[in-house]
$ cat protein.cif   # mmCIF, C-alpha atoms
data_protein
loop_
_atom_site.label_atom_id
_atom_site.label_comp_id
_atom_site.auth_asym_id
_atom_site.auth_seq_id
_atom_site.Cartn_x
_atom_site.Cartn_y
_atom_site.Cartn_z
CA MET A 296 -17.16 10.37 19.87
CA PRO A 297 -16.74 7.76 17.12
CA LEU A 298 -13.37 6.30 16.18
CA ARG A 299 -12.65 7.91 12.80
CA ILE A 300 -10.69 6.03 10.12
CA GLY A 301 -9.61 7.74 6.89
CA THR A 302 -9.58 5.45 3.85
CA SER A 303 -9.91 6.20 0.12
CA GLU A 304 -12.67 6.89 -2.37
CA ARG A 305 -15.77 4.71 -1.95
CA GLY A 306 -15.07 1.35 -3.55
CA GLY A 307 -11.31 1.88 -3.36
CA THR A 308 -9.07 -0.71 -1.75
CA PHE A 309 -8.43 1.31 1.43
CA HIS A 310 -12.16 1.94 1.78
CA SER A 311 -13.01 -1.75 1.58
CA GLN A 312 -10.28 -2.54 4.10
CA GLY A 313 -11.59 0.17 6.40
CA ARG A 314 -15.03 -1.43 6.33
CA ALA A 315 -13.48 -4.75 7.36
CA LEU A 316 -11.62 -3.07 10.23
CA ALA A 317 -14.87 -1.48 11.37
CA THR A 318 -16.42 -4.95 11.58
CA ILE A 319 -13.93 -6.11 14.20
CA PHE A 320 -13.51 -2.75 15.96
CA ASP A 321 -17.25 -2.32 16.47
CA ARG A 322 -17.23 -5.41 18.70
CA GLN A 323 -14.85 -3.70 21.13
CA PRO A 324 -16.72 -1.47 23.61
CA GLN A 325 -13.60 0.73 23.92
CA LEU A 326 -13.59 1.41 20.18
CA ALA A 327 -17.21 1.45 19.02
CA PRO A 328 -18.75 3.19 17.23
CA VAL A 329 -16.44 3.35 14.22
CA GLU A 330 -16.79 5.85 11.38
CA VAL A 331 -15.16 4.93 8.04
CA LEU A 332 -14.46 8.13 6.13
CA GLU A 333 -13.75 8.47 2.43
CA SER A 334 -10.76 10.36 1.02
CA ARG A 335 -10.28 11.44 -2.58
CA SER A 336 -6.50 11.51 -2.19
CA ALA A 337 -5.99 8.47 0.06
CA SER A 338 -2.50 8.54 1.65
CA VAL A 339 -1.82 12.26 1.21
CA GLY A 340 -5.32 13.26 2.25
CA ASN A 341 -5.25 11.00 5.27
CA ALA A 342 -1.94 12.46 6.47
CA ARG A 343 -3.36 15.96 6.21
CA ARG A 344 -6.52 14.97 8.05
CA LEU A 345 -4.47 13.37 10.81
CA ALA A 346 -2.58 16.66 11.14
CA ALA A 347 -5.85 18.57 11.36
CA GLY A 348 -7.34 16.19 13.94
CA GLU A 349 -10.17 15.23 11.58
CA ILE A 350 -9.44 11.49 11.85
CA ASP A 351 -7.80 9.26 14.44
CA PHE A 352 -6.28 6.69 12.07
CA GLY A 353 -5.62 6.71 8.36
CA PHE A 354 -4.59 4.23 5.72
CA MET A 355 -1.32 5.21 4.06
CA ALA A 356 1.14 3.66 1.66
CA SER A 357 4.50 3.48 3.40
CA ASN A 358 6.28 5.52 0.72
CA TRP A 359 4.35 8.63 1.89
CA ILE A 360 4.97 8.29 5.63
CA GLY A 361 8.47 9.75 5.84
CA ARG A 362 7.65 12.56 3.43
CA ALA A 363 4.68 13.60 5.52
CA GLN A 364 6.68 13.55 8.75
CA ARG A 365 9.47 15.64 7.19
CA GLY A 366 7.08 18.05 5.48
CA GLU A 367 8.38 17.28 1.99
CA ALA A 368 6.25 18.00 -1.09
CA PRO A 369 3.33 17.74 -1.46
CA PHE A 370 3.12 18.46 2.28
CA ASP A 371 3.47 22.07 3.41
CA ALA A 372 4.73 21.35 6.93
CA PRO A 373 5.94 18.37 8.99
CA ILE A 374 3.20 16.12 10.38
CA ASP A 375 3.86 14.30 13.66
CA LEU A 376 2.76 10.87 12.43
CA ARG A 377 3.13 7.58 14.24
CA MET A 378 2.88 4.01 12.99
CA ALA A 379 0.12 1.79 14.32
CA ALA A 380 -0.06 -1.47 12.32
CA PRO A 381 0.72 -3.01 8.94
CA MET A 382 -2.32 -3.59 6.75
CA ASN A 383 -1.13 -5.40 3.65
CA ALA A 384 1.59 -5.62 1.03
CA GLY A 385 -0.08 -4.52 -2.19
CA PRO A 386 1.45 -5.80 -5.45
CA LEU A 387 2.59 -3.10 -7.89
CA PHE A 388 2.81 -4.30 -11.47
CA PHE A 389 2.70 -3.36 -15.13
CA ILE A 390 0.28 -5.06 -17.47
CA ALA A 391 0.05 -5.18 -21.24
CA ARG A 392 -2.04 -6.99 -23.80
CA ALA A 393 -0.96 -10.63 -24.08
CA ASP A 394 0.24 -10.16 -27.66
CA ALA A 395 2.33 -7.05 -26.89
CA PRO A 396 6.09 -7.51 -27.50
CA ILE A 397 7.00 -6.39 -23.98
CA ARG A 398 8.84 -8.99 -21.95
CA SER A 399 10.46 -7.01 -19.13
CA ILE A 400 10.26 -3.65 -17.37
CA GLY A 401 13.13 -2.46 -19.56
CA GLY A 402 10.93 -3.32 -22.54
CA LEU A 403 8.68 -0.37 -21.68
CA ARG A 404 11.17 1.99 -23.33
CA GLY A 405 9.48 3.90 -26.12
CA LYS A 406 6.02 2.73 -25.09
CA ARG A 407 2.87 4.62 -24.04
CA VAL A 408 2.28 3.78 -20.40
CA ALA A 409 -0.76 4.70 -18.28
CA VAL A 410 0.89 5.61 -14.96
CA GLY A 411 -2.04 6.97 -12.94
CA LEU A 412 -3.18 10.51 -12.25
CA ALA A 413 -0.37 13.08 -12.22
CA THR A 414 -0.87 13.78 -8.51
CA SER A 415 -1.27 10.14 -7.49
CA GLY A 416 0.97 7.90 -5.47
CA MET A 417 1.05 5.53 -8.42
CA VAL A 418 3.13 7.99 -10.42
CA GLN A 419 5.58 8.20 -7.53
CA HIS A 420 5.91 4.42 -7.51
CA VAL A 421 6.72 4.37 -11.21
CA HIS A 422 9.39 7.04 -10.64
CA SER A 423 10.88 4.94 -7.81
CA ILE A 424 10.95 1.72 -9.85
CA PHE A 425 12.34 3.44 -12.91
CA ALA A 426 15.03 5.30 -10.97
CA ALA A 427 16.28 2.04 -9.47
CA LEU A 428 16.56 0.55 -12.97
CA GLY A 429 18.17 3.57 -14.63
CA LEU A 430 15.01 4.57 -16.45
CA SER A 431 13.05 7.82 -16.42
CA PHE A 432 9.80 9.18 -17.79
CA ALA A 433 11.85 10.50 -20.72
CA ASP A 434 12.20 6.85 -21.81
CA ILE A 435 8.44 6.36 -22.14
CA THR A 436 5.37 8.36 -23.07
CA PRO A 437 3.61 8.71 -19.71
CA VAL A 438 -0.18 8.91 -19.93
CA TYR A 439 -1.84 10.30 -16.81
CA LEU A 440 -5.10 8.42 -16.34
CA ASP A 441 -6.86 6.95 -13.32
CA PHE A 442 -7.24 3.17 -12.99
CA ALA A 443 -10.51 2.82 -14.86
CA ALA A 444 -9.58 5.21 -17.69
CA GLY A 445 -6.14 3.59 -17.99
CA ALA A 446 -7.74 0.15 -18.30
CA ASP A 447 -10.09 1.43 -21.02
CA ALA A 448 -7.12 2.93 -22.87
CA LEU A 449 -5.27 -0.38 -22.74
CA ALA A 450 -8.33 -2.26 -23.99
CA GLN A 451 -8.73 0.23 -26.84
CA GLY A 452 -5.03 0.16 -27.73
CA THR A 453 -4.34 3.85 -27.07
CA VAL A 454 -1.70 2.90 -24.50
CA ASP A 455 0.69 -0.04 -24.61
CA ALA A 456 0.87 -0.79 -20.90
CA GLN A 457 -0.70 0.22 -17.59
CA PHE A 458 0.64 0.40 -14.05
CA GLN A 459 -1.74 -1.40 -11.67
CA CYS A 460 -2.08 -1.91 -7.91
CA PRO A 461 -3.09 -4.02 -6.05
CA ILE A 462 -5.04 -7.22 -6.62
CA PRO A 463 -7.80 -8.08 -6.30
CA ASN A 464 -9.36 -4.91 -7.66
CA GLN A 465 -12.50 -4.63 -9.74
CA VAL A 466 -10.93 -2.59 -12.55
CA MET A 467 -8.30 -5.29 -13.08
CA THR A 468 -10.87 -8.08 -12.94
CA ASP A 469 -13.15 -6.35 -15.46
CA LEU A 470 -10.27 -5.55 -17.81
CA ALA A 471 -9.04 -9.15 -17.77
CA ALA A 472 -12.53 -10.28 -18.77
CA ARG A 473 -12.42 -7.96 -21.80
CA VAL A 474 -8.94 -8.59 -23.21
CA ASP A 475 -6.14 -11.12 -22.86
CA LEU A 476 -3.42 -9.71 -20.63
CA GLN A 477 0.08 -10.38 -19.41
CA VAL A 478 1.76 -9.24 -16.21
CA ILE A 479 5.10 -7.81 -17.30
CA ALA A 480 7.94 -9.68 -15.65
CA TYR A 481 11.18 -8.26 -14.32
CA GLY A 482 14.28 -9.11 -16.30
CA PRO A 483 17.24 -10.92 -14.72
CA GLY A 484 18.33 -9.04 -11.60
CA GLU A 485 15.86 -6.17 -12.11
CA MET A 486 13.57 -7.00 -9.19
CA GLU A 487 16.48 -7.50 -6.82
CA THR A 488 17.86 -4.12 -7.87
CA VAL A 489 14.57 -2.39 -7.09
CA LEU A 490 14.25 -4.11 -3.70
CA ARG A 491 17.76 -3.05 -2.71
CA ALA A 492 17.12 0.54 -3.75
CA VAL A 493 13.66 1.08 -2.23
CA PRO A 494 13.23 0.18 1.47
CA PHE A 495 9.44 0.26 1.53
CA TYR A 496 9.04 -2.47 -1.11
CA ARG A 497 8.78 -6.20 -0.42
CA PRO A 498 8.94 -9.21 -2.74
CA THR A 499 5.66 -10.86 -3.63
CA THR A 500 4.28 -13.20 -6.28
CA ILE A 501 1.24 -12.84 -8.48
CA ARG A 502 0.03 -16.41 -8.43
CA VAL A 503 -1.12 -18.42 -11.40
CA HIS A 504 -4.75 -17.60 -12.28
CA ALA A 505 -4.82 -14.60 -9.91
CA ILE A 506 -5.71 -12.71 -13.09
CA ARG A 507 -7.42 -14.36 -16.05
CA GLY A 508 -4.74 -15.35 -18.53
CA VAL A 509 -1.85 -15.52 -16.04
CA ASP A 510 -0.75 -19.14 -16.49
CA HIS A 511 2.31 -19.11 -14.20
CA ASP A 512 3.56 -17.45 -11.04
CA VAL A 513 5.07 -14.00 -11.69
CA PRO A 514 7.47 -12.53 -9.07
CA GLN A 515 6.69 -8.86 -8.47
CA ILE A 516 7.18 -6.15 -5.85
CA ALA A 517 4.69 -4.89 -3.28
CA VAL A 518 4.38 -1.73 -1.22
CA VAL A 519 3.52 -2.09 2.45
CA ASN A 520 0.36 -0.20 3.35
CA VAL A 521 -0.08 0.78 6.98
CA LEU A 522 -2.56 2.16 9.46
CA ALA A 523 -1.04 5.44 10.66
CA THR A 524 -2.04 7.70 13.51
CA HIS A 525 -0.88 10.97 15.09
CA ALA A 526 1.30 11.47 18.16
CA ARG A 527 -1.58 13.23 19.93
CA VAL A 528 -3.94 10.23 19.78
CA ALA A 529 -4.34 8.67 23.23
CA GLU A 530 -2.16 5.66 24.03
CA ALA A 531 -5.15 3.67 25.27
CA ILE A 532 -7.03 4.05 21.98
CA VAL A 533 -4.01 3.11 19.87
CA ARG A 534 -3.29 0.13 22.13
CA GLU A 535 -6.85 -1.18 21.74
CA VAL A 536 -6.84 -0.67 17.95
CA VAL A 537 -3.53 -2.49 17.47
CA ALA A 538 -4.57 -5.30 19.84
CA ALA A 539 -7.76 -5.75 17.79
CA VAL A 540 -5.72 -5.95 14.56
CA ILE A 541 -3.37 -8.55 16.08
CA ASP A 542 -6.21 -10.66 17.46
CA GLY A 543 -8.33 -10.28 14.32
CA ALA A 544 -5.65 -10.78 11.64
CA GLY A 545 -7.00 -14.16 10.58
CA GLU A 546 -10.57 -12.93 10.45
CA LEU A 547 -9.54 -9.88 8.46
CA GLU A 548 -8.06 -12.21 5.83
CA ARG A 549 -11.46 -13.91 5.56
CA LEU A 550 -13.41 -10.66 5.49
CA ASN A 551 -11.34 -9.05 2.73
CA PRO A 552 -8.77 -10.78 0.48
CA LEU A 553 -6.67 -7.60 0.51
CA PHE A 554 -5.70 -8.55 4.07
CA VAL A 555 -4.26 -11.90 2.98
CA GLY A 556 -0.69 -11.98 4.29
CA LEU A 557 -1.35 -9.71 7.29
CA PRO A 558 -0.22 -12.41 9.78
CA ASP A 559 3.06 -12.65 7.84
CA LEU A 560 3.60 -8.88 8.08
CA LEU A 561 2.97 -9.05 11.82
CA GLU A 562 5.42 -11.93 12.09
CA ARG A 563 8.13 -9.71 10.60
CA LEU A 564 7.65 -7.47 13.64
CA ARG A 565 8.22 -10.49 15.84
CA ARG A 566 11.43 -11.39 14.01
CA GLU A 567 12.86 -7.97 13.20
CA GLY A 568 11.40 -5.66 15.84
CA ARG A 569 10.41 -2.06 15.27
CA ALA A 570 12.44 -1.57 12.09
CA ALA A 571 10.04 -3.90 10.25
CA LEU A 572 7.37 -1.20 10.39
CA GLU A 573 9.09 2.13 11.08
CA PHE A 574 9.28 3.17 7.44
CA GLY A 575 10.90 6.50 6.70
CA GLY A 576 11.99 6.81 10.31
CA VAL A 577 8.41 7.29 11.56
CA PRO A 578 8.26 5.62 15.00
CA LEU A 579 5.61 3.33 16.36
CA HIS A 580 3.09 5.06 18.61
CA ASP A 581 3.68 4.26 22.29
CA GLY A 582 0.22 2.70 22.45
CA ALA A 583 1.14 0.40 19.56
CA LEU A 584 4.36 -0.60 21.33
CA GLN A 585 2.33 -1.54 24.38
CA ALA A 586 0.01 -3.74 22.30
CA TYR A 587 2.86 -5.54 20.53
CA ARG A 588 4.67 -6.17 23.81
CA ALA A 589 1.50 -7.49 25.43
CA ALA A 590 1.04 -9.86 22.47
CA GLY A 591 4.53 -11.27 22.99
CA TYR A 592 6.42 -9.52 20.23
CA LYS A 593 9.59 -9.52 22.32
CA PRO A 594 11.97 -7.95 19.76
CA ILE A 595 9.68 -4.95 19.73
CA THR A 596 11.13 -3.97 23.12
CA ALA A 597 14.57 -3.41 21.64
CA ALA A 598 15.89 0.08 21.10
CA ARG A 599 14.68 1.59 17.87
CA SER A 600 16.80 0.68 14.90
CA SER A 601 18.08 3.16 12.37
CA PRO A 602 15.36 4.08 9.88
CA PRO A 603 15.15 1.46 7.10
#

$ encode --input "protein.cif" --output "structure tokens"
Amino acid sequence: MPLRIGTSERGGTFHSQGRALATIFDRQPQLAPVEVLESRSASVGNARRLAAGEIDFGFMASNWIGRAQRGEAPFDAPIDLRMAAPMNAGPLFFIARADAPIRSIGGLRGKRVAVGLATSGMVQHVHSIFAALGLSFADITPVYLDFAAGADALAQGTVDAQFQCPIPNQVMTDLAARVDLQVIAYGPGEMETVLRAVPFYRPTTIRVHAIRGVDHDVPQIAVVNVLATHARVAEAIVREVVAAVIDGAGELERLNPLFVGLPDLLERLRREGRAALEFGGVPLHDGALQAYRAAGYKPITAARSSPP
């Protein structure tokens, strides 16, 4: 039976990362063959498919993990998820046309903002960021469009800003070729406030020239995306998958730029132990623990910390 990995829609970031994982997994006799499966609803869909036994591993954004395990909306019942490995820290950021008079996140008040589809995880991220900063959707005019439609709306001037994630992504690249853009910066203390309030975010930087027109480094936040599994999946399979991720982290960076920074995320496990990955209180799978211990991640042997 093939090893089944749930990703995202074809061409989506999780799908492209899943293809890169398949490249290194297919070399392992214990894991091959690998089947990379699409999902129209990414994190939420992958959690549900893990519950149903339709996949063995699924890409998920860490903000959905705890909700799925607890059975909170949009999930109808608790799902016995387990963490396997970090995948990347994807920047979350607002963009506007370069000539727009928006200079901070607070400057979005009163503006038309493309926030993603109403049922998407992107909308949830905007709610989380806004709540930390004392904002709400009542302060803006939210426009519920997918990435491509939101980019078109920004280019045409029917919205003032768009929420984007992550880079590189083709929609962002194409939009930047059409119009001059700015990445909206956080005002003094705003980013630190968000990071204190939301445990599944990490600091990151959108580097100069990462997007056409960005002429300086812009500090932003990122959400940690993970490879999740289910408690029922055999320890031996999870151990081999996680060992392949650890051993192949450098190659994954070369195969797909979305994996850039994966070794750093793994190093956090070495420094901080289990709490570095057990978002929302979802524990590491026992097979994953075995792989990390075998790779010398000594702090991983410590008793599980309180949920971050």

$ resolve_selection --input "protein.cif" --expression "the PyMOL selection byres ((chain A and resi 584) around 10)" --output "PyMOL selection string"
chain A and resi 378-379+530+533-534+537+569+578-583+585-590+592+595-596

$ closest_residue --input "protein.cif" --among "A:Pro463, A:Gly361, A:Pro552, A:Gly484" --to "A:Gly575" --atoms "only C-alpha atoms"
A:Gly361

$ closest_residue --input "protein.cif" --among "A:Phe388, A:Ala380, A:Gly508, A:Pro494" --to "A:Ile541" --atoms "only C-alpha atoms"
A:Ala380

$ closest_atom_pairs --input "protein.cif" --of "stretch 469-582 of chain A" --to "stretch 423-431 of chain A" --cutoff "9 Å" --atoms "all atoms listed in the file" --output "tab-separated table"
residue	atom	partner	partner_atom	distance
A:Glu485	CA	A:Leu428	CA	6.8
A:Met486	CA	A:Leu428	CA	9.0
A:Thr488	CA	A:Ala427	CA	6.6
A:Val489	CA	A:Ala427	CA	5.3
A:Leu490	CA	A:Ala427	CA	8.7
A:Arg491	CA	A:Ala427	CA	8.6
A:Ala492	CA	A:Ala427	CA	6.0
A:Val493	CA	A:Ser423	CA	7.3

$ write_last_selection --input "protein.cif" --atoms "C-alpha atoms" --output "CSV table (one decimal), in the coordinates of the input"
chain,number,residue,atom,x,y,z
A,485,GLU,CA,15.9,-6.2,-12.1
A,486,MET,CA,13.6,-7.0,-9.2
A,488,THR,CA,17.9,-4.1,-7.9
A,489,VAL,CA,14.6,-2.4,-7.1
A,490,LEU,CA,14.2,-4.1,-3.7
A,491,ARG,CA,17.8,-3.0,-2.7
A,492,ALA,CA,17.1,0.5,-3.8
A,493,VAL,CA,13.7,1.1,-2.2

$ closest_residue --input "protein.cif" --among "A:Ala356, A:Ala529, A:Ala571, A:Ala450" --to "A:Ala472" --atoms "all atoms listed in the file"
A:Ala450

$ residues_around --input "protein.cif" --residues "stretch 299-309 of chain A" --least-positions-apart "3" --cutoff "7 Å" --atoms "all atoms listed in the file" --output "ChimeraX atom specification"
/A:312-313,329-337,341,350-354

$ closest_residue --input "protein.cif" --among "A:Ala384, A:Val555, A:Ala538, A:Ala480" --to "A:Pro498" --atoms "all atoms listed in the file"
A:Ala384

$ residues_around --input "protein.cif" --residues "A:Asp455" --least-positions-apart "2" --cutoff "10 Å" --atoms "all atoms listed in the file" --output "JSON, numbers by chain"
{"A": [390, 391, 392, 395, 396, 397, 403, 405, 406, 407, 408, 409, 436, 448, 449, 450, 451, 452, 453, 457]}

$ residues_around --input "protein.cif" --residues "A:Leu547" --least-positions-apart "6" --cutoff "8 Å" --atoms "all atoms listed in the file" --output "PyMOL selection string"
chain A and resi 315-316+554-555

$ write_last_selection --input "protein.cif" --atoms "C-alpha atoms" --output "JSON list (two decimals), in the coordinates of the input"
[["chain", "number", "residue", "atom", "x", "y", "z"],
["A", 315, "ALA", "CA", -13.48, -4.75, 7.36],
["A", 316, "LEU", "CA", -11.62, -3.07, 10.23],
["A", 554, "PHE", "CA", -5.70, -8.55, 4.07],
["A", 555, "VAL", "CA", -4.26, -11.90, 2.98]]

$ atom_distance --input "protein.cif" --atom1 "atom CA of A:Pro461" --atom2 "atom CA of A:Leu387"
6.0 Å

$ residues_around --input "protein.cif" --residues "A:Arg507" --least-positions-apart "2" --cutoff "8 Å" --atoms "all atoms listed in the file" --output "list in words"
Thr468, Ala471, Ala472, Asp475, Leu476, His504, Ala505 and Val509 of chain A

$ resolve_selection --input "protein.cif" --expression "the PyMOL selection byres ((chain A and resi 342) around 10)" --output "JSON list (two decimals) with C-alpha atoms, in the coordinates of the input"
[["chain", "number", "residue", "atom", "x", "y", "z"],
["A", 301, "GLY", "CA", -9.61, 7.74, 6.89],
["A", 336, "SER", "CA", -6.50, 11.51, -2.19],
["A", 337, "ALA", "CA", -5.99, 8.47, 0.06],
["A", 338, "SER", "CA", -2.50, 8.54, 1.65],
["A", 339, "VAL", "CA", -1.82, 12.26, 1.21],
["A", 340, "GLY", "CA", -5.32, 13.26, 2.25],
["A", 341, "ASN", "CA", -5.25, 11.00, 5.27],
["A", 343, "ARG", "CA", -3.36, 15.96, 6.21],
["A", 344, "ARG", "CA", -6.52, 14.97, 8.05],
["A", 345, "LEU", "CA", -4.47, 13.37, 10.81],
["A", 346, "ALA", "CA", -2.58, 16.66, 11.14],
["A", 347, "ALA", "CA", -5.85, 18.57, 11.36],
["A", 348, "GLY", "CA", -7.34, 16.19, 13.94],
["A", 350, "ILE", "CA", -9.44, 11.49, 11.85],
["A", 352, "PHE", "CA", -6.28, 6.69, 12.07],
["A", 353, "GLY", "CA", -5.62, 6.71, 8.36],
["A", 354, "PHE", "CA", -4.59, 4.23, 5.72],
["A", 355, "MET", "CA", -1.32, 5.21, 4.06],
["A", 359, "TRP", "CA", 4.35, 8.63, 1.89],
["A", 360, "ILE", "CA", 4.97, 8.29, 5.63],
["A", 363, "ALA", "CA", 4.68, 13.60, 5.52],
["A", 364, "GLN", "CA", 6.68, 13.55, 8.75],
["A", 370, "PHE", "CA", 3.12, 18.46, 2.28],
["A", 374, "ILE", "CA", 3.20, 16.12, 10.38],
["A", 375, "ASP", "CA", 3.86, 14.30, 13.66],
["A", 376, "LEU", "CA", 2.76, 10.87, 12.43],
["A", 523, "ALA", "CA", -1.04, 5.44, 10.66],
["A", 524, "THR", "CA", -2.04, 7.70, 13.51],
["A", 525, "HIS", "CA", -0.88, 10.97, 15.09]]

$ closest_residue --input "protein.cif" --among "A:Met382, A:Ala368, A:Val454, A:Val518" --to "A:Val421" --atoms "all atoms listed in the file"
A:Val518

$ residues_around --input "protein.cif" --residues "stretch 438-443 of chain A" --least-positions-apart "2" --cutoff "6 Å" --atoms "only C-alpha atoms" --output "PDB file with C-alpha atoms, keeping the file's coordinate frame"
ATOM      1  CA  VAL A 408       2.280   3.780 -20.400  1.00  0.00           C
ATOM      2  CA  ALA A 409      -0.760   4.700 -18.280  1.00  0.00           C
ATOM      3  CA  VAL A 410       0.890   5.610 -14.960  1.00  0.00           C
ATOM      4  CA  GLY A 411      -2.040   6.970 -12.940  1.00  0.00           C
ATOM      5  CA  LEU A 412      -3.180  10.510 -12.250  1.00  0.00           C
ATOM      6  CA  ALA A 413      -0.370  13.080 -12.220  1.00  0.00           C
ATOM      7  CA  GLY A 445      -6.140   3.590 -17.990  1.00  0.00           C
ATOM      8  CA  ALA A 446      -7.740   0.150 -18.300  1.00  0.00           C
ATOM      9  CA  VAL A 466     -10.930  -2.590 -12.550  1.00  0.00           C
TER      10      VAL A 466
END

$ resolve_selection --input "protein.cif" --expression "the PyMOL selection byres ((chain A and resi 381) around 7)" --output "ChimeraX atom specification"
/A:380,382-383,520-522,560

$ axis_aligned_box --input "protein.cif" --around "stretch 351-364 of chain A" --padding-each-side "8 Å" --output "lines of an AutoDock Vina configuration file"
center_x = 0.3
center_y = 8.5
center_z = 7.6
size_x = 32.3
size_y = 26.1
size_z = 29.7

$ atom_distance --input "protein.cif" --atom1 "atom CA of A:Ile400" --atom2 "atom CA of A:Ile479"
6.6 Å

$ atom_distance --input "protein.cif" --atom1 "atom CA of A:Arg497" --atom2 "atom CA of A:Ala393"
26.0 Å

$ closest_residue --input "protein.cif" --among "A:Met417, A:Ser399, A:Ser311, A:Leu470" --to "A:Asp447" --atoms "all atoms listed in the file"
A:Leu470
